[in-house]
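Next up, model28.cif (mmCIF, C-alpha atoms):
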```cif
data_protein
loop_
_atom_site.label_atom_id
_atom_site.label_comp_id
_atom_site.auth_asym_id
_atom_site.auth_seq_id
_atom_site.Cartn_x
_atom_site.Cartn_y
_atom_site.Cartn_z
CA MET D 21 133.74 91.46 106.13
CA ALA D 22 130.80 89.31 105.07
CA PRO D 23 127.87 91.06 103.38
CA LYS D 24 124.77 91.66 105.46
CA ASP D 25 122.14 89.35 104.03
CA ASN D 26 119.51 89.36 106.79
CA THR D 27 120.10 85.71 107.59
CA LEU D 28 120.06 83.93 110.87
CA GLY D 29 122.34 80.96 110.50
CA SER D 30 121.18 79.27 107.31
CA THR D 31 117.61 80.59 107.58
CA ALA D 32 116.90 83.54 105.30
CA CYS D 33 115.18 86.43 107.03
CA ASN D 34 113.13 87.95 104.22
CA LEU D 35 111.24 90.75 105.92
CA ALA D 36 110.43 92.79 102.84
CA HIS D 37 106.65 92.44 102.63
CA GLU D 38 103.59 94.55 102.18
CA PRO D 39 102.31 95.98 105.47
CA LEU D 40 98.98 94.67 106.69
CA SER D 41 97.80 98.23 107.09
CA PRO D 42 98.90 101.47 105.45
CA VAL D 43 99.40 102.80 108.98
CA ALA D 44 102.12 100.20 109.53
CA ASN D 45 104.19 101.52 106.64
CA VAL D 46 107.22 102.46 108.71
CA GLU D 47 110.88 102.30 107.89
CA HIS D 48 112.74 99.44 109.54
CA ASP D 49 116.46 98.85 109.68
CA PHE D 50 116.60 95.11 109.10
CA GLU D 51 120.38 95.19 108.84
CA LEU D 52 120.77 95.84 112.56
CA PRO D 53 120.93 92.51 114.42
CA GLY D 54 118.86 92.72 117.57
CA GLY D 55 117.27 95.98 116.41
CA HIS D 56 113.87 94.65 117.39
CA ASN D 57 114.89 93.18 120.74
CA ASP D 58 113.04 95.36 123.22
CA ASP D 59 114.09 93.37 126.29
CA ALA D 60 115.81 96.17 128.21
CA LEU D 61 113.08 98.69 127.45
CA THR D 62 110.37 96.17 128.37
CA ARG D 63 112.09 95.44 131.69
CA GLY D 64 112.39 99.17 132.37
CA LEU D 65 108.72 99.80 131.56
CA LEU D 66 107.65 96.88 133.77
CA ALA D 67 109.79 98.05 136.70
CA ASP D 68 108.57 101.64 136.39
CA ALA D 69 104.91 100.59 136.10
CA ILE D 70 105.26 98.42 139.21
CA LYS D 71 107.03 101.22 141.11
CA HIS D 72 104.35 103.82 140.31
CA SER D 73 101.31 101.56 140.57
CA GLY D 74 100.84 102.07 144.31
CA LYS D 75 100.66 98.29 144.69
CA SER D 76 103.17 95.80 145.98
CA ARG D 77 104.60 93.16 143.68
CA GLU D 78 102.62 90.62 145.69
CA GLN D 79 99.36 92.51 145.05
CA ILE D 80 100.12 92.85 141.35
CA ALA D 81 101.01 89.16 141.13
CA GLY D 82 97.81 88.17 142.93
CA CYS D 83 95.60 90.26 140.65
CA MET D 84 97.40 88.99 137.57
CA SER D 85 97.01 85.40 138.78
CA PHE D 86 93.26 85.97 139.00
CA LEU D 87 93.01 87.63 135.57
CA LEU D 88 95.22 85.05 133.87
CA ALA D 89 93.96 81.99 135.75
CA THR D 90 97.57 80.97 136.25
CA THR D 91 100.02 81.47 139.09
CA VAL D 92 102.08 84.65 139.00
CA THR D 93 104.36 85.39 141.95
CA ALA D 94 106.29 88.45 143.09
CA GLU D 95 109.47 86.55 142.19
CA THR D 96 108.10 86.01 138.68
CA LEU D 97 107.58 89.77 138.36
CA ASN D 98 111.11 90.34 139.68
CA ASN D 99 112.51 88.02 137.01
CA PHE D 100 110.68 89.94 134.29
CA SER D 101 111.60 93.42 135.50
CA VAL D 102 115.27 93.05 136.48
CA GLU D 103 118.03 93.36 133.89
CA GLY D 104 120.44 90.50 133.57
CA ARG D 105 117.85 87.74 133.51
CA PRO D 106 117.48 87.14 129.76
CA ALA D 107 116.03 83.67 130.30
CA HIS D 108 113.00 85.34 131.86
CA GLY D 109 111.30 87.28 129.08
CA PHE D 110 107.89 88.82 129.76
CA PRO D 111 105.12 86.87 127.96
CA LEU D 112 103.18 88.98 125.48
CA ALA D 113 100.04 87.09 126.49
CA TRP D 114 100.28 88.64 129.96
CA THR D 115 100.64 92.23 128.78
CA ARG D 116 96.97 93.24 128.98
CA ALA D 117 96.60 91.78 132.49
CA PHE D 118 99.76 93.55 133.69
CA CYS D 119 98.66 96.88 132.23
CA THR D 120 95.16 96.50 133.70
CA VAL D 121 96.47 95.74 137.18
CA THR D 122 99.09 98.50 137.24
CA GLY D 123 96.97 101.02 135.36
CA ASP D 124 100.00 101.74 133.17
CA TRP D 125 99.52 101.15 129.43
CA ARG D 126 102.96 102.30 128.25
CA LEU D 127 104.08 98.76 127.39
CA ILE D 128 101.25 98.30 124.89
CA GLN D 129 101.72 101.86 123.64
CA HIS D 130 105.42 101.24 123.08
CA LEU D 131 104.80 98.04 121.11
CA ALA D 132 102.22 99.78 118.93
CA GLU D 133 104.47 102.78 118.28
CA GLN D 134 107.49 100.62 117.44
CA ALA D 135 105.33 98.89 114.82
CA GLY D 136 104.30 102.25 113.37
CA PHE D 137 100.83 102.49 114.86
CA LEU D 138 99.19 105.22 116.87
CA LEU D 139 97.36 103.85 119.88
CA LEU D 140 94.12 105.61 120.81
CA ALA D 141 91.77 104.86 123.65
CA ASN D 142 88.22 104.01 122.57
CA GLY D 143 87.03 107.29 124.03
CA ASP D 144 89.28 109.19 121.62
CA ALA D 145 88.02 107.45 118.48
CA ASP D 146 85.44 110.21 118.01
CA LEU D 147 88.31 112.66 117.49
CA VAL D 148 89.51 110.64 114.50
CA SER D 149 85.95 110.46 113.19
CA LEU D 150 85.57 114.22 113.60
CA GLY D 151 88.81 114.78 111.68
CA GLU D 152 87.57 112.57 108.84
CA LEU D 153 84.28 114.52 108.72
CA VAL D 154 86.14 117.85 108.59
CA VAL D 155 88.22 116.58 105.66
CA GLN D 156 85.07 115.36 103.87
CA GLN D 157 83.39 118.69 104.52
CA GLU D 158 86.34 120.60 103.03
CA ARG D 159 86.34 118.35 99.94
CA ALA D 160 82.61 118.89 99.52
CA ARG D 161 83.05 122.66 99.88
CA ARG D 162 85.71 122.65 97.15
CA GLU D 163 83.51 120.50 94.89
CA VAL D 164 80.56 122.88 95.37
CA GLU D 165 82.83 125.84 94.60
CA ARG D 166 84.14 124.11 91.46
CA HIS D 167 80.60 123.39 90.22
CA ALA D 168 79.47 126.93 90.99
CA ASN D 169 82.42 128.37 89.07
CA ASN D 170 81.61 126.12 86.09
CA ILE D 171 77.99 127.30 86.09
CA ILE D 172 79.03 130.95 86.33
CA ALA D 173 81.57 130.51 83.52
CA ARG D 174 78.94 128.93 81.22
CA ARG D 175 76.47 131.72 81.88
CA ASP D 176 79.08 134.38 81.20
CA GLU D 177 79.78 132.95 77.72
#
```
Once more with this new file: its structure as structure tokens, please.
Amino acid sequence: MAPKDNTLGSTACNLAHEPLSPVANVEHDFELPGGHNDDALTRGLLADAIKHSGKSREQIAGCMSFLLATTVTAETLNNFSVEGRPAHGFPLAWTRAFCTVTGDWRLIQHLAEQAGFLLLANGDADLVSLGELVVQQERARREVERHANNIIARRDE
């Protein structure tokens, strides 16, 4: 059995690099060929979002056509959401329009989570800010306590 060297044909696949963000520091199994091919899951998320959107494929396609300024048809959506059509992969550039039209953001959420990120809506950013302030407040409380103890210790000498 040949050793696994993370190569694709003769092209080396060196994926050991520093993450762009400390948040993206996730463990990846680069020895698993196809481990990052999310085709089936993407198709499933698309089909489920369409099914639960309350809109027909024609309505979704029409709205997406408007948002993208390019023609999207119901058949195009069928090609993207049905398994067994690998030649028809969903374009990443269309993701935001699809999620906007269907009101289902799971596709973007899935991509973010698979990359090791936590996706928050803008309205929830204040929760993160509050958490940071609570941590700062606790650090300040400990620092005040440390200084107070030093002062008390010096006076007791």
Please measure the separation of atom CA of Ala67 of chain D and atom CA of Leu140 of chain D, giving the value in Å to one decimal.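 Computed distance, atom CA of Ala67 of chain D to atom CA of Leu140 of chain D, equals 23.6 Å.
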Would you translate the PyMOL selection byres ((chain D and resi 73) around 12) into the concrete set of residues it matches in this file, as a PyMOL selection string? chain D and resi 65-72+74-77+79-80+118-125
So the first atom is atom CA of His56 of chain D and the second is atom CA of Asn142 of chain D; what is the distance between them in Å, to one decimal place? 27.8 Å
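The nearest approach to Leu88 of chain D among the residues D:Ala117, D:Gly109, D:Glu152, D:Arg166, with all atoms listed in the file taken into account, belongs to D:Ala117.
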Enumerate, as an NGL selection string, the residues matched when the PyMOL selection byres ((chain D and resi 97) around 10) is run on the file above. :D and (63 or 66-67 or 70 or 77-78 or 80-81 or 92-96 or 98-102 or 108 or 110 or 118)
Point-to-point distance in Å for atom CA of Gln157 of chain D and atom CA of Gly143 of chain D: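 Calculated distance between atom CA of Gly143 of chain D and atom CA of Gln157 of chain D is 22.9 Å.
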Choose the residue, out of D:Thr62, D:Ala168, D:Glu163, D:Leu139, that has the smallest atom-to-atom separation from Pro111 of chain D; count all atoms listed in the file.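 When distances to Pro111 of chain D are compared using all atoms listed in the file, the smallest one comes from D:Thr62.
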Using only C-alpha atoms, which residue out of D:Leu131, D:Leu147, D:Ala160, D:Val154 lies closest to Leu61 of chain D? D:Leu131
